[in-house]
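**Q** Below is the file work-v8.csv, which contains CSV, N, CA and C atoms.
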```csv
chain,number,residue,atom,x,y,z
C,256,MET,N,70.6,141.1,-25.3
C,256,MET,CA,70.9,140.4,-24.0
C,256,MET,C,71.5,139.0,-24.4
C,257,ILE,N,72.4,138.5,-23.7
C,257,ILE,CA,73.0,137.2,-24.0
C,257,ILE,C,72.1,136.2,-23.4
C,258,GLY,N,71.8,135.1,-24.2
C,258,GLY,CA,70.9,134.1,-23.7
C,258,GLY,C,71.6,133.3,-22.6
C,259,LEU,N,71.0,133.1,-21.5
C,259,LEU,CA,71.5,132.3,-20.4
C,259,LEU,C,71.0,130.9,-20.5
C,260,PRO,N,71.8,129.9,-20.1
C,260,PRO,CA,71.4,128.5,-20.1
C,260,PRO,C,70.2,128.4,-19.1
C,261,ALA,N,69.4,127.4,-19.4
C,261,ALA,CA,68.3,127.1,-18.5
C,261,ALA,C,68.8,126.8,-17.1
C,262,GLY,N,68.2,127.2,-16.1
C,262,GLY,CA,68.6,127.0,-14.7
C,262,GLY,C,69.6,127.9,-14.1
C,263,THR,N,70.0,128.9,-15.0
C,263,THR,CA,71.0,129.9,-14.5
C,263,THR,C,70.3,130.8,-13.5
C,264,GLN,N,70.8,131.0,-12.3
C,264,GLN,CA,70.2,131.9,-11.4
C,264,GLN,C,70.9,133.2,-11.5
C,265,ILE,N,70.2,134.3,-11.2
C,265,ILE,CA,70.7,135.7,-11.2
C,265,ILE,C,70.7,136.3,-9.8
C,266,TRP,N,71.8,136.7,-9.3
C,266,TRP,CA,71.9,137.3,-8.0
C,266,TRP,C,72.4,138.7,-8.0
C,267,LEU,N,71.6,139.6,-7.4
C,267,LEU,CA,72.0,141.0,-7.3
C,267,LEU,C,72.6,141.2,-6.0
C,268,ALA,N,73.8,141.7,-5.9
C,268,ALA,CA,74.5,142.0,-4.7
C,268,ALA,C,74.0,143.3,-4.1
C,269,ALA,N,73.3,143.3,-3.0
C,269,ALA,CA,72.8,144.5,-2.4
C,269,ALA,C,73.9,145.3,-1.9
C,270,GLY,N,73.7,146.6,-1.8
C,270,GLY,CA,74.7,147.5,-1.3
C,270,GLY,C,75.6,148.1,-2.4
C,271,VAL,N,76.6,148.7,-2.1
C,271,VAL,CA,77.5,149.4,-3.1
C,271,VAL,C,78.8,148.6,-3.2
C,272,THR,N,79.2,148.5,-4.5
C,272,THR,CA,80.5,147.8,-4.8
C,272,THR,C,81.4,148.8,-5.5
C,273,ASP,N,82.7,148.7,-5.1
C,273,ASP,CA,83.7,149.5,-5.8
C,273,ASP,C,83.9,149.1,-7.2
C,274,MET,N,83.5,149.9,-8.1
C,274,MET,CA,83.6,149.6,-9.6
C,274,MET,C,85.0,149.5,-10.1
C,275,ARG,N,86.0,149.7,-9.3
C,275,ARG,CA,87.4,149.5,-9.8
C,275,ARG,C,87.7,148.0,-9.8
C,276,ASN,N,86.9,147.2,-9.1
C,276,ASN,CA,87.1,145.8,-9.0
C,276,ASN,C,86.9,145.1,-10.4
C,277,GLY,N,87.8,144.2,-10.6
C,277,GLY,CA,87.7,143.4,-11.8
C,277,GLY,C,87.3,142.0,-11.5
C,278,PHE,N,87.8,141.0,-12.3
C,278,PHE,CA,87.5,139.6,-12.1
C,278,PHE,C,87.8,139.1,-10.7
C,279,GLN,N,89.0,139.4,-10.2
C,279,GLN,CA,89.4,138.8,-8.9
C,279,GLN,C,88.6,139.5,-7.8
C,280,GLY,N,88.5,140.8,-7.8
C,280,GLY,CA,87.8,141.5,-6.7
C,280,GLY,C,86.4,141.1,-6.6
C,281,LEU,N,85.7,141.0,-7.8
C,281,LEU,CA,84.3,140.7,-7.7
C,281,LEU,C,84.1,139.2,-7.4
C,282,ALA,N,84.9,138.3,-7.8
C,282,ALA,CA,84.9,136.9,-7.4
C,282,ALA,C,85.1,136.8,-5.9
C,283,GLY,N,86.0,137.6,-5.4
C,283,GLY,CA,86.2,137.6,-3.9
C,283,GLY,C,85.0,138.1,-3.2
C,284,LYS,N,84.3,139.1,-3.7
C,284,LYS,CA,83.1,139.6,-3.1
C,284,LYS,C,82.0,138.5,-3.1
C,285,VAL,N,81.9,137.8,-4.2
C,285,VAL,CA,80.9,136.7,-4.3
C,285,VAL,C,81.1,135.7,-3.2
C,286,GLU,N,82.4,135.3,-3.0
C,286,GLU,CA,82.7,134.3,-2.0
C,286,GLU,C,82.5,134.8,-0.6
C,287,ASP,N,83.1,136.0,-0.3
C,287,ASP,CA,83.1,136.6,1.1
C,287,ASP,C,81.7,137.1,1.5
C,288,ALA,N,81.2,138.1,0.7
C,288,ALA,CA,80.0,138.8,1.1
C,288,ALA,C,78.7,138.0,0.8
C,289,LEU,N,78.7,137.3,-0.4
C,289,LEU,CA,77.5,136.6,-0.8
C,289,LEU,C,77.5,135.1,-0.4
C,290,LYS,N,78.6,134.6,0.1
C,290,LYS,CA,78.7,133.2,0.5
C,290,LYS,C,78.3,132.3,-0.7
C,291,ALA,N,78.9,132.5,-1.9
C,291,ALA,CA,78.5,131.7,-3.0
C,291,ALA,C,79.8,131.4,-3.8
C,292,ASN,N,79.8,130.4,-4.7
C,292,ASN,CA,80.9,130.1,-5.5
C,292,ASN,C,80.8,130.9,-6.8
C,293,PRO,N,81.8,131.7,-7.1
C,293,PRO,CA,81.7,132.6,-8.3
C,293,PRO,C,81.8,131.7,-9.6
C,294,PHE,N,82.2,130.5,-9.5
C,294,PHE,CA,82.4,129.6,-10.7
C,294,PHE,C,81.2,128.6,-10.8
C,295,CYS,N,80.1,128.9,-10.2
C,295,CYS,CA,79.0,127.9,-10.2
C,295,CYS,C,78.1,128.1,-11.4
C,296,GLY,N,78.3,129.1,-12.2
C,296,GLY,CA,77.5,129.3,-13.4
C,296,GLY,C,76.4,130.3,-13.3
C,297,HIS,N,76.2,130.8,-12.1
C,297,HIS,CA,75.2,131.8,-11.8
C,297,HIS,C,75.7,133.2,-12.2
C,298,VAL,N,74.8,134.2,-12.4
C,298,VAL,CA,75.2,135.5,-12.8
C,298,VAL,C,75.1,136.4,-11.5
C,299,PHE,N,76.1,137.2,-11.2
C,299,PHE,CA,76.2,138.0,-10.1
C,299,PHE,C,76.3,139.5,-10.6
C,300,VAL,N,75.4,140.3,-10.0
C,300,VAL,CA,75.3,141.7,-10.5
C,300,VAL,C,75.7,142.7,-9.4
C,301,PHE,N,76.5,143.7,-9.7
C,301,PHE,CA,77.0,144.6,-8.7
C,301,PHE,C,76.8,146.0,-9.3
C,302,ARG,N,76.5,147.0,-8.3
C,302,ARG,CA,76.3,148.4,-8.7
C,302,ARG,C,77.3,149.3,-7.9
C,303,GLY,N,77.7,150.4,-8.6
C,303,GLY,CA,78.6,151.3,-8.0
C,303,GLY,C,77.9,152.3,-7.2
C,304,LYS,N,78.6,153.2,-6.5
C,304,LYS,CA,78.1,154.2,-5.6
C,304,LYS,C,77.1,155.2,-6.3
C,305,ARG,N,77.5,155.7,-7.4
C,305,ARG,CA,76.7,156.7,-8.1
C,305,ARG,C,75.4,156.1,-8.7
C,306,GLY,N,75.4,154.8,-8.9
C,306,GLY,CA,74.2,154.1,-9.4
C,306,GLY,C,74.0,154.0,-10.9
C,307,ASN,N,75.0,154.6,-11.6
C,307,ASN,CA,74.8,154.6,-13.1
C,307,ASN,C,75.7,153.5,-13.8
C,308,VAL,N,76.4,152.7,-13.0
C,308,VAL,CA,77.3,151.6,-13.5
C,308,VAL,C,77.0,150.3,-12.8
C,309,ILE,N,76.8,149.3,-13.6
C,309,ILE,CA,76.7,147.9,-13.0
C,309,ILE,C,77.7,147.0,-13.7
C,310,LYS,N,78.1,146.0,-13.0
C,310,LYS,CA,79.0,144.9,-13.6
C,310,LYS,C,78.3,143.6,-13.3
C,311,LEU,N,78.4,142.7,-14.3
C,311,LEU,CA,77.9,141.3,-14.1
C,311,LEU,C,79.1,140.4,-14.2
C,312,LEU,N,79.1,139.5,-13.3
C,312,LEU,CA,80.2,138.4,-13.3
C,312,LEU,C,79.5,137.1,-13.6
C,313,TRP,N,79.9,136.3,-14.5
C,313,TRP,CA,79.3,135.1,-14.9
C,313,TRP,C,80.4,134.1,-15.4
C,314,ALA,N,80.3,132.9,-14.8
C,314,ALA,CA,81.3,131.9,-15.1
C,314,ALA,C,80.7,130.9,-16.1
C,315,THR,N,81.4,130.7,-17.2
C,315,THR,CA,80.9,129.7,-18.2
C,315,THR,C,81.9,128.5,-18.1
C,316,SER,N,81.7,127.5,-18.9
C,316,SER,CA,82.5,126.3,-18.8
C,316,SER,C,84.0,126.6,-19.1
C,317,ASP,N,84.3,127.7,-19.8
C,317,ASP,CA,85.7,127.9,-20.1
C,317,ASP,C,86.3,129.1,-19.5
C,318,GLY,N,85.6,129.8,-18.6
C,318,GLY,CA,86.2,131.0,-18.0
C,318,GLY,C,85.1,131.9,-17.4
C,319,LEU,N,85.6,133.1,-16.9
C,319,LEU,CA,84.8,134.1,-16.3
C,319,LEU,C,84.5,135.2,-17.4
C,320,CYS,N,83.2,135.7,-17.3
C,320,CYS,CA,82.8,136.8,-18.2
C,320,CYS,C,82.6,138.0,-17.2
C,321,LEU,N,83.0,139.1,-17.6
C,321,LEU,CA,82.8,140.4,-16.9
C,321,LEU,C,82.2,141.4,-17.8
C,322,LEU,N,80.9,141.7,-17.6
C,322,LEU,CA,80.2,142.6,-18.4
C,322,LEU,C,79.9,143.9,-17.6
C,323,SER,N,80.0,145.0,-18.3
C,323,SER,CA,79.8,146.3,-17.6
C,323,SER,C,78.8,147.2,-18.4
C,324,LYS,N,78.0,147.9,-17.8
C,324,LYS,CA,77.1,148.9,-18.5
C,324,LYS,C,77.0,150.2,-17.7
C,325,ARG,N,77.1,151.3,-18.4
C,325,ARG,CA,76.9,152.6,-17.8
C,325,ARG,C,75.8,153.3,-18.5
C,326,LEU,N,74.8,153.8,-17.6
C,326,LEU,CA,73.7,154.6,-18.2
C,326,LEU,C,74.2,156.0,-18.3
C,327,GLU,N,73.9,156.6,-19.5
C,327,GLU,CA,74.2,158.0,-19.7
C,327,GLU,C,73.3,158.9,-18.9
C,328,ARG,N,72.1,158.5,-18.7
C,328,ARG,CA,71.1,159.2,-17.9
C,328,ARG,C,70.4,158.3,-17.0
C,329,GLY,N,70.0,158.7,-15.8
C,329,GLY,CA,69.3,157.9,-14.9
C,329,GLY,C,70.2,157.0,-14.0
C,330,ARG,N,69.5,156.1,-13.2
C,330,ARG,CA,70.2,155.2,-12.3
C,330,ARG,C,69.6,153.9,-12.4
C,331,PHE,N,70.4,152.9,-12.1
C,331,PHE,CA,69.9,151.5,-12.0
C,331,PHE,C,69.1,151.3,-10.6
C,332,VAL,N,67.9,150.7,-10.7
C,332,VAL,CA,67.1,150.5,-9.5
C,332,VAL,C,67.8,149.4,-8.7
C,333,TRP,N,68.0,149.7,-7.4
C,333,TRP,CA,68.7,148.8,-6.5
C,333,TRP,C,67.9,148.6,-5.2
C,334,PRO,N,68.0,147.5,-4.5
C,334,PRO,CA,67.3,147.3,-3.2
C,334,PRO,C,67.9,148.1,-2.1
C,335,GLN,N,67.1,148.4,-1.1
C,335,GLN,CA,67.6,149.3,0.0
C,335,GLN,C,68.6,148.6,0.9
C,336,ALA,N,68.6,147.3,0.9
C,336,ALA,CA,69.5,146.5,1.9
C,336,ALA,C,71.0,146.9,1.7
C,337,GLU,N,71.7,146.9,2.7
C,337,GLU,CA,73.1,147.3,2.7
C,337,GLU,C,74.0,146.0,2.3
C,338,ASP,N,73.5,144.9,2.6
C,338,ASP,CA,74.3,143.6,2.3
C,338,ASP,C,73.3,142.5,2.0
C,339,GLY,N,73.9,141.4,1.5
C,339,GLY,CA,73.1,140.3,1.1
C,339,GLY,C,72.9,140.2,-0.3
C,340,LYS,N,72.0,139.4,-0.8
C,340,LYS,CA,71.7,139.2,-2.2
C,340,LYS,C,70.2,139.1,-2.5
C,341,VAL,N,69.8,139.4,-3.7
C,341,VAL,CA,68.4,139.4,-4.1
C,341,VAL,C,68.4,138.6,-5.4
C,342,HIS,N,67.4,137.6,-5.5
C,342,HIS,CA,67.3,136.8,-6.7
C,342,HIS,C,66.5,137.6,-7.7
C,343,LEU,N,66.9,137.5,-9.0
C,343,LEU,CA,66.2,138.1,-10.1
C,343,LEU,C,65.8,137.1,-11.1
C,344,THR,N,64.8,137.3,-11.8
C,344,THR,CA,64.4,136.5,-13.0
C,344,THR,C,65.1,137.0,-14.2
C,345,PRO,N,65.2,136.2,-15.3
C,345,PRO,CA,65.8,136.8,-16.5
C,345,PRO,C,65.1,138.0,-17.0
C,346,ALA,N,63.8,138.1,-16.9
C,346,ALA,CA,63.0,139.2,-17.3
C,346,ALA,C,63.4,140.5,-16.5
C,347,GLN,N,63.5,140.3,-15.2
C,347,GLN,CA,63.9,141.4,-14.3
C,347,GLN,C,65.3,141.9,-14.6
C,348,LEU,N,66.2,141.0,-15.0
C,348,LEU,CA,67.6,141.4,-15.4
C,348,LEU,C,67.5,142.2,-16.6
C,349,SER,N,66.7,141.8,-17.6
C,349,SER,CA,66.6,142.5,-18.8
C,349,SER,C,66.1,143.9,-18.6
C,350,MET,N,65.1,144.1,-17.7
C,350,MET,CA,64.6,145.4,-17.3
C,350,MET,C,65.6,146.2,-16.7
C,351,LEU,N,66.4,145.6,-15.7
C,351,LEU,CA,67.4,146.3,-15.0
C,351,LEU,C,68.5,146.8,-16.0
C,352,LEU,N,68.9,146.0,-17.0
C,352,LEU,CA,69.9,146.4,-17.9
C,352,LEU,C,69.4,147.6,-18.8
C,353,GLU,N,68.1,147.7,-19.0
C,353,GLU,CA,67.5,148.7,-19.8
C,353,GLU,C,67.2,150.0,-19.0
C,354,GLY,N,67.5,150.0,-17.7
C,354,GLY,CA,67.3,151.1,-16.8
C,354,GLY,C,65.8,151.2,-16.4
C,355,ILE,N,65.1,150.1,-16.5
C,355,ILE,CA,63.6,150.1,-16.1
C,355,ILE,C,63.5,149.7,-14.7
C,356,ASN,N,62.6,150.2,-13.9
C,356,ASN,CA,62.4,149.8,-12.5
C,356,ASN,C,61.8,148.4,-12.5
C,357,TRP,N,62.7,147.4,-12.3
C,357,TRP,CA,62.3,146.0,-12.3
C,357,TRP,C,61.5,145.6,-11.1
C,358,LYS,N,61.5,146.4,-10.0
C,358,LYS,CA,60.8,146.1,-8.8
C,358,LYS,C,59.3,146.4,-9.0
C,359,GLN,N,58.9,147.4,-9.8
C,359,GLN,CA,57.5,147.7,-10.0
C,359,GLN,C,57.2,148.1,-11.4
C,360,PRO,N,57.4,147.2,-12.3
C,360,PRO,CA,57.1,147.5,-13.7
C,360,PRO,C,55.6,147.8,-13.9
C,361,GLU,N,55.3,148.7,-14.8
C,361,GLU,CA,53.9,149.1,-15.0
C,361,GLU,C,53.6,148.8,-16.5
C,362,ARG,N,52.4,148.3,-16.7
C,362,ARG,CA,51.9,148.1,-18.0
C,362,ARG,C,51.6,149.4,-18.6
C,363,THR,N,51.7,149.5,-19.9
C,363,THR,CA,51.3,150.7,-20.6
C,363,THR,C,49.8,150.8,-20.9
C,364,TRP,N,49.1,149.7,-20.6
C,364,TRP,CA,47.7,149.7,-20.8
C,364,TRP,C,47.1,148.8,-19.7
C,365,PRO,N,45.8,149.2,-19.2
C,365,PRO,CA,45.2,148.4,-18.2
C,365,PRO,C,44.8,147.0,-18.7
C,366,PRO,N,45.0,145.9,-17.9
C,366,PRO,CA,44.5,144.6,-18.3
C,366,PRO,C,43.0,144.5,-18.4
C,367,LEU,N,42.6,143.7,-19.3
C,367,LEU,CA,41.2,143.6,-19.6
C,367,LEU,C,40.6,142.7,-18.4
C,368,SER,N,39.3,143.1,-18.0
C,368,SER,CA,38.7,142.3,-17.0
C,368,SER,C,38.2,141.0,-17.6
C,369,VAL,N,38.2,139.9,-16.8
C,369,VAL,CA,37.8,138.6,-17.2
C,369,VAL,C,36.3,138.5,-16.8
C,370,LEU,N,35.5,138.0,-17.8
C,370,LEU,CA,34.1,137.9,-17.5
C,370,LEU,C,33.7,136.6,-16.9
```
Give the structure from the file, written as structure tokens.

**A**
Amino acid sequence: MIGLPAGTQIWLAAGVTDMRNGFQGLAGKVEDALKANPFCGHVFVFRGKRGNVIKLLWATSDGLCLLSKRLERGRFVWPQAEDGKVHLTPAQLSMLLEGINWKQPERTWPPLSVL
């Protein structure tokens, strides 16, 4: 995972996005649908209809970055909302990129009780 600067916010675009969109199309969706500035330095995450492809749009000081990931098996976990945006933490983004359910991660062992 690329290290994000401190204070970078991560926004997941609810609903389905046409994965044929590139820099311009996704930046337009950030402005129109999410009501945000695509050049503000935040990360915006989009998912396609089948759910196995996501794209991340991130503006750095010298330009836009467009990252894409396709899962060979499984689907990326996405909120039920048809529109709007959801805030993620860097840890949740890492889980999302690994194909892990970031909404309800489970420990592999039960926590110890505190005396």

**Q** Restricting the calculation to only C-alpha atoms: of C:Pro365, C:Glu327, C:Asn276, C:Ser316, which residue gets closest to C:His297?

**A**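 Going through C:Pro365, C:Glu327, C:Asn276, C:Ser316 one by one, the smallest distance to C:His297 is for C:Ser316.
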
**Q** Compare C:Thr344, C:Asn356, C:Ala291, C:Phe301 by their minimum atom-to-atom distance to C:Asp273, counting only N, CA and C atoms, and give me the closest one.

**A**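 Smallest separation from C:Asp273 among the options: C:Phe301.
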
**Q** Within 7 Å of C:Arg305, counting all atoms listed in the file, which residues show up once you throw out same-chain ones fewer than 3 positions away? Write them as a PyMOL selection string, please.

**A** chain C and resi 302+308+330-331

**Q** Output N, CA and C atoms of each residue in that selection to a file, as an mmCIF file, in the frame of the given file.

**A**
```
data_model
loop_
_atom_site.group_PDB
_atom_site.id
_atom_site.type_symbol
_atom_site.label_atom_id
_atom_site.label_comp_id
_atom_site.auth_asym_id
_atom_site.auth_seq_id
_atom_site.Cartn_x
_atom_site.Cartn_y
_atom_site.Cartn_z
ATOM 1 N N ARG C 302 76.500 147.000 -8.300
ATOM 2 C CA ARG C 302 76.300 148.400 -8.700
ATOM 3 C C ARG C 302 77.300 149.300 -7.900
ATOM 4 N N VAL C 308 76.400 152.700 -13.000
ATOM 5 C CA VAL C 308 77.300 151.600 -13.500
ATOM 6 C C VAL C 308 77.000 150.300 -12.800
ATOM 7 N N ARG C 330 69.500 156.100 -13.200
ATOM 8 C CA ARG C 330 70.200 155.200 -12.300
ATOM 9 C C ARG C 330 69.600 153.900 -12.400
ATOM 10 N N PHE C 331 70.400 152.900 -12.100
ATOM 11 C CA PHE C 331 69.900 151.500 -12.000
ATOM 12 C C PHE C 331 69.100 151.300 -10.600
#
```

**Q** Here is a test: counting only C-alpha atoms, which residue of C:Val332, C:Glu337, C:Asn307, C:Gln264 is nearest to C:Ala288?

**A**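 When distances to C:Ala288 are compared using only C-alpha atoms, the smallest one comes from C:Glu337.
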
**Q** Using DSSP on the backbone, list every residue of chain C that comes out as alpha helix (DSSP H), and give them as a PyMOL selection string.

**A** chain C and resi 278-287+345-352

**Q** Could you check how far atom N of C:Leu322 sits from atom N of C:Lys310, in Å to one decimal?

**A**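 For atom N of C:Leu322 relative to atom N of C:Lys310, the distance reads 6.9 Å.
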
**Q** Compile the contact shell of C:Cys320 as a list in words: residues with an atom at most 9 Å away, counting only C-alpha atoms, same-chain residues fewer than 3 positions apart removed.

**A**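 That gives Phe278, Leu311, Leu312, Trp313, Ala314 and Thr315 of chain C.
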
**Q** Please, which residues are within 10 Å of (69.3, 149.6, -13.1) by the file's coordinates, counting only C-alpha atoms, and could they come as a ChimeraX atom specification?

**A** /C:302,306-309,324-326,329-333,347-357

**Q** Pick out the closest residue to C:Leu281 from this set: C:Gly262, C:Ser323, C:Gln335, C:Pro293. Count all atoms listed in the file.

**A**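 Among the listed residues, the smallest separation from C:Leu281 belongs to C:Pro293.
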
**Q** Run DSSP on the backbone and grab whatever in chain C lands in strand (DSSP E or B); send it over as a list in words.

**A**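 Those in chain C that DSSP calls strand (DSSP E or B) are Ile265, Trp266, Leu267, Ala268, Val298, Phe299, Val300, Phe301, Arg302, Val308, Ile309, Lys310, Leu311, Leu312, Trp313, Ala314, Thr315, Gly318, Leu319, Cys320, Leu321, Leu322, Ser323, Lys324, Arg325, Lys340, Val341, His342 and Leu343 of chain C.
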
**Q** One number please: atom N of C:Lys290 to atom C of C:Gln359, in Å, one decimal.

**A**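 Interatomic distance, atom N of C:Lys290 to atom C of C:Gln359: 27.8 Å.
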
**Q** Name the residues in contact with C:Ala268 at a cut-off of 10 Å, using only C-alpha atoms, excluding same-chain residues fewer than 6 positions from it; report them as number ranges by chain.

**A** C: 284-285, 288-289, 299-302, 333-334, 336-342

**Q** What is the atom CA of C:Glu286 to atom N of C:Gly258 distance in Å?

**A**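 Straight-line distance from atom CA of C:Glu286 to atom N of C:Gly258 works out to 24.7 Å.
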